[in-house]
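> Sharing query.csv below, CSV, C-alpha atoms:
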```
chain,number,residue,atom,x,y,z
Y,1,MET,CA,-11.9,-12.7,-24.8
Y,2,TYR,CA,-9.0,-12.1,-27.2
Y,3,THR,CA,-7.2,-14.9,-29.0
Y,4,PHE,CA,-3.5,-14.9,-30.0
Y,5,GLU,CA,-4.7,-14.0,-33.5
Y,6,ASP,CA,-6.6,-11.0,-32.3
Y,7,LEU,CA,-3.7,-9.4,-30.4
Y,8,LYS,CA,-1.4,-6.8,-31.9
Y,9,ILE,CA,1.8,-5.2,-30.5
Y,10,GLY,CA,0.7,-2.0,-28.7
Y,11,ASN,CA,-2.8,-3.2,-27.8
Y,12,LEU,CA,-3.6,-1.7,-24.4
Y,13,PHE,CA,-6.3,-2.7,-21.9
Y,14,HIS,CA,-7.2,-0.9,-18.6
Y,15,ASP,CA,-9.4,-2.0,-15.7
Y,16,LYS,CA,-10.1,-0.3,-12.4
Y,17,ILE,CA,-10.3,-2.2,-9.1
Y,18,LYS,CA,-11.0,-0.7,-5.7
Y,19,VAL,CA,-9.1,-2.0,-2.7
Y,20,ASN,CA,-11.4,-2.3,0.3
Y,21,GLU,CA,-11.5,-3.7,3.7
Y,22,GLN,CA,-13.1,-6.9,2.6
Y,23,SER,CA,-10.5,-7.6,-0.2
Y,24,ILE,CA,-7.7,-7.1,2.4
Y,25,LYS,CA,-9.4,-9.6,4.8
Y,26,ASP,CA,-10.2,-12.1,2.0
Y,27,PHE,CA,-6.6,-12.0,0.7
Y,28,SER,CA,-5.2,-12.4,4.1
Y,29,ASN,CA,-7.3,-15.4,4.8
Y,30,ALA,CA,-6.7,-17.0,1.4
Y,31,SER,CA,-2.9,-16.4,1.4
Y,32,GLY,CA,-2.3,-16.8,5.1
Y,33,ASP,CA,-0.4,-13.5,5.1
Y,34,LYS,CA,-1.4,-12.0,8.5
Y,35,ASN,CA,1.3,-9.3,8.5
Y,36,PRO,CA,-0.1,-6.7,10.9
Y,37,ILE,CA,0.9,-3.8,8.6
Y,38,HIS,CA,-2.1,-4.9,6.5
Y,39,LEU,CA,-4.5,-5.7,9.4
Y,40,ASN,CA,-3.7,-3.7,12.5
Y,41,GLU,CA,-4.0,0.1,12.5
Y,42,GLU,CA,-2.1,0.6,15.7
Y,43,PHE,CA,0.8,-1.5,14.5
Y,44,ALA,CA,0.8,0.2,11.0
Y,45,LYS,CA,1.0,3.7,12.6
Y,46,LYS,CA,4.5,2.8,13.9
Y,47,THR,CA,5.8,1.8,10.4
Y,48,ILE,CA,7.3,4.0,7.7
Y,49,PHE,CA,3.8,4.2,6.0
Y,50,LYS,CA,2.0,5.5,9.2
Y,51,GLU,CA,-1.2,3.6,8.2
Y,52,ARG,CA,-2.3,0.2,6.9
Y,53,ILE,CA,-1.4,-0.8,3.4
Y,54,ALA,CA,-2.7,-3.4,1.0
Y,55,HIS,CA,-0.7,-6.6,0.5
Y,56,GLY,CA,1.6,-6.1,-2.6
Y,57,MET,CA,0.6,-9.6,-3.8
Y,58,LEU,CA,-3.1,-8.6,-3.6
Y,59,ILE,CA,-2.4,-5.8,-6.1
Y,60,ALA,CA,-0.4,-8.3,-8.2
Y,61,SER,CA,-3.4,-10.6,-8.2
Y,62,PHE,CA,-5.4,-7.8,-9.9
Y,63,ILE,CA,-3.1,-8.3,-12.9
Y,64,SER,CA,-3.8,-12.0,-12.9
Y,65,SER,CA,-7.5,-11.3,-12.7
Y,66,VAL,CA,-7.5,-9.0,-15.7
Y,67,ILE,CA,-5.3,-11.4,-17.7
Y,68,GLY,CA,-7.4,-14.4,-16.9
Y,69,ASN,CA,-10.8,-12.8,-17.2
Y,70,LYS,CA,-10.6,-10.0,-19.6
Y,71,PHE,CA,-7.4,-9.4,-21.6
Y,72,PRO,CA,-6.5,-11.7,-23.2
Y,73,GLY,CA,-9.1,-13.5,-21.1
Y,74,PRO,CA,-10.5,-17.0,-20.3
Y,75,GLY,CA,-8.1,-19.8,-21.3
Y,76,THR,CA,-5.0,-17.7,-21.0
Y,77,ILE,CA,-2.1,-19.5,-19.3
Y,78,TYR,CA,0.6,-17.8,-17.3
Y,79,VAL,CA,4.2,-18.7,-18.0
Y,80,SER,CA,5.9,-16.1,-15.9
Y,81,GLN,CA,5.4,-12.7,-14.1
Y,82,SER,CA,7.9,-10.2,-12.8
Y,83,LEU,CA,7.0,-7.6,-10.3
Y,84,GLN,CA,8.5,-4.4,-8.9
Y,85,PHE,CA,6.6,-2.7,-6.1
Y,86,LYS,CA,7.1,1.0,-6.4
Y,87,LYS,CA,4.7,2.6,-3.9
Y,88,PRO,CA,2.2,1.3,-1.3
Y,89,VAL,CA,-1.5,1.0,-2.0
Y,90,LYS,CA,-3.9,2.1,0.7
Y,91,ILE,CA,-7.3,0.9,1.6
Y,92,ASN,CA,-10.0,2.6,-0.6
Y,93,ASP,CA,-7.5,3.3,-3.4
Y,94,ILE,CA,-8.7,2.6,-6.9
Y,95,VAL,CA,-6.1,0.7,-8.8
Y,96,ASP,CA,-5.9,1.2,-12.6
Y,97,VAL,CA,-4.5,-2.1,-14.0
Y,98,GLU,CA,-2.8,-1.6,-17.4
Y,99,ILE,CA,-1.9,-4.5,-19.6
Y,100,LYS,CA,0.0,-3.8,-22.9
Y,101,VAL,CA,1.1,-6.2,-25.6
Y,102,ASN,CA,4.8,-5.8,-26.0
Y,103,ASN,CA,5.7,-8.7,-28.3
Y,104,LEU,CA,4.0,-11.7,-30.0
Y,105,LEU,CA,6.1,-14.8,-30.3
Y,106,ASP,CA,4.6,-16.3,-33.4
Y,107,GLY,CA,6.6,-19.6,-33.2
Y,108,LYS,CA,5.1,-20.5,-29.8
Y,109,LYS,CA,2.0,-18.4,-30.1
Y,110,TRP,CA,2.9,-16.8,-26.8
Y,111,CYS,CA,2.6,-13.1,-25.8
Y,112,GLU,CA,4.8,-10.8,-23.8
Y,113,LEU,CA,2.9,-8.2,-21.8
Y,114,SER,CA,3.8,-5.2,-19.7
Y,115,THR,CA,1.8,-5.2,-16.5
Y,116,ARG,CA,1.5,-1.9,-14.6
Y,117,CYS,CA,-0.7,-0.7,-11.8
Y,118,TYR,CA,-1.4,3.0,-11.0
Y,119,VAL,CA,-3.2,4.8,-8.2
Y,120,LYS,CA,-4.2,8.1,-9.6
Y,121,LYS,CA,-1.2,8.8,-11.9
Y,122,ASP,CA,1.4,7.2,-9.6
Y,123,LEU,CA,3.0,3.9,-10.7
Y,124,VAL,CA,2.6,1.5,-7.8
Y,125,LEU,CA,3.5,-1.8,-9.5
Y,126,ASP,CA,5.6,-2.5,-12.6
Y,127,GLY,CA,6.1,-5.8,-14.3
Y,128,ASN,CA,6.1,-8.1,-17.3
Y,129,ALA,CA,4.2,-11.2,-18.0
Y,130,LEU,CA,4.7,-14.0,-20.5
Y,131,VAL,CA,1.4,-15.7,-21.3
Y,132,ILE,CA,-0.1,-18.2,-23.7
Y,133,PRO,CA,-3.4,-16.7,-25.0
Y,134,PRO,CA,-6.2,-18.9,-26.3
Y,135,ARG,CA,-6.2,-19.7,-30.0
Y,136,LYS,CA,-9.0,-19.4,-32.5
```
Using structure tokens, write down the structure that the file contains.


Amino acid sequence: MYTFEDLKIGNLFHDKIKVNEQSIKDFSNASGDKNPIHLNEEFAKKTIFKERIAHGMLIASFISSVIGNKFPGPGTIYVSQSLQFKKPVKINDIVDVEIKVNNLLDGKKWCELSTRCYVKKDLVLDGNALVIPPRK
């Protein structure tokens, strides 16, 4: 866990998370998003992607997982998150979640983060988060 006092502008954290069949099913059930592009191979073959893809918000949830569990970590509170989906993520892709400290708002003890996800070297999700890290 990192507290506000531990963080420095430029700090960078990476975590890798694999998208698998179970994570797609679990996310679909939890969110209620039953879009067949995620669940039905025959349907997905007729789309621009030609195969099933992961839910974009599943990939976004990987960012939340890293922020809430690892960097800054437990006790961190989300204020906002922007997301731009750049490329689809496929089943069995390994997503590299990158969190970088862009700014520290000393008055409020808040932190601005860049939040990016890559598959191999390709940027698949780009965003920014505003969070309140735990304090010492």

> Measuring between only C-alpha atoms, which one of Y:Ile132, Y:Ala60, Y:Ile94, Y:Ile24 shows the shortest distance to Gly107 (chain Y)?

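When distances to Gly107 (chain Y) are compared using only C-alpha atoms, the smallest one comes from Y:Ile132.
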
> Pick out the residues sitting within 8 Å of Phe71 (chain Y), and hand them over as a PDB file with C-alpha atoms, in the frame of the given file; count only C-alpha atoms, and ignore anything fewer than 4 positions along from it in its own chain.


```pdb
ATOM      1  CA  MET Y   1     -11.900 -12.700 -24.800  1.00  0.00           C
ATOM      2  CA  TYR Y   2      -9.000 -12.100 -27.200  1.00  0.00           C
ATOM      3  CA  PHE Y  13      -6.300  -2.700 -21.900  1.00  0.00           C
ATOM      4  CA  VAL Y  66      -7.500  -9.000 -15.700  1.00  0.00           C
ATOM      5  CA  ILE Y  67      -5.300 -11.400 -17.700  1.00  0.00           C
ATOM      6  CA  ILE Y  99      -1.900  -4.500 -19.600  1.00  0.00           C
TER       7      ILE Y  99
END
```

> Which polymer residues have any atom within 8 Å of an atom of Thr76 (chain Y), counting all atoms listed in the file, with same-chain residues fewer than 2 positions away left out, as a list in words?

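Within the cut-off, the hits are Ile67, Gly68, Pro72, Gly73, Pro74, Tyr78, Val131, Ile132, Pro133 and Pro134 of chain Y.
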
> What's the separation between CA of Ser64 (chain Y) and CA of Lys16 (chain Y), in Å to one decimal place?

13.3 Å

> Compare Y:His38, Y:Lys45, Y:Lys108, Y:Lys136 by their minimum atom-to-atom distance to Glu21 (chain Y), counting all atoms listed in the file, and give me the closest one.

Y:His38

> Go through Y:Gly32, Y:Pro88, Y:Gly75, Y:Gly10 and flag the residue nearest Glu51 (chain Y), using all atoms listed in the file for the distances.

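Answer, going by the shortest atom-to-atom distance: Y:Pro88.
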
> Report, in Å to a single decimal, how far apart CA of Asp96 (chain Y) and CA of Thr115 (chain Y) are.

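Pair CA of Thr115 (chain Y) / CA of Asp96 (chain Y) returns 10.7 Å.
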
> To box region 52-63 of chain Y, take all atoms listed in the file, fit an axis-aligned box, add 6 Å on each side, and give centre and edge lengths in Å to one decimal, as JSON.


```
{"center_x": -1.9, "center_y": -5.2, "center_z": -3.0, "size_x": 19.0, "size_y": 22.8, "size_z": 31.8}
```

> Using only C-alpha atoms - which residues lie no farther than 10 Å from the point (-1.4, -7.1, -3.3) in the file's frame? Write them as a ChimeraX atom specification.

/Y:19,23-24,27-28,53-63,85,88-89,125

> To one decimal place, how far is CA of Val101 (chain Y) from CA of Lys8 (chain Y) in Å?

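Rounded to one decimal, the two atoms are 6.8 Å apart.
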
> Counting only C-alpha atoms, figure out which residue out of Y:Glu98, Y:Asp6, Y:Glu41, Y:Asp15 gets nearest to Arg116 (chain Y).

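Smallest separation from Arg116 (chain Y) among the options: Y:Glu98.
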
> Out of Y:Leu104, Y:Ile9, Y:Cys117, Y:Ala44, which residue has the shortest atom-to-atom distance to Lys87 (chain Y) when counting all atoms listed in the file?

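So, comparing all the options, the nearest one is Y:Cys117.
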
> Have a look at Y:Phe49, Y:Lys86, Y:Ser31, Y:Leu130 and name the one nearest to Tyr118 (chain Y); count all atoms listed in the file.

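The answer is Y:Lys86, which sits nearest to Tyr118 (chain Y).
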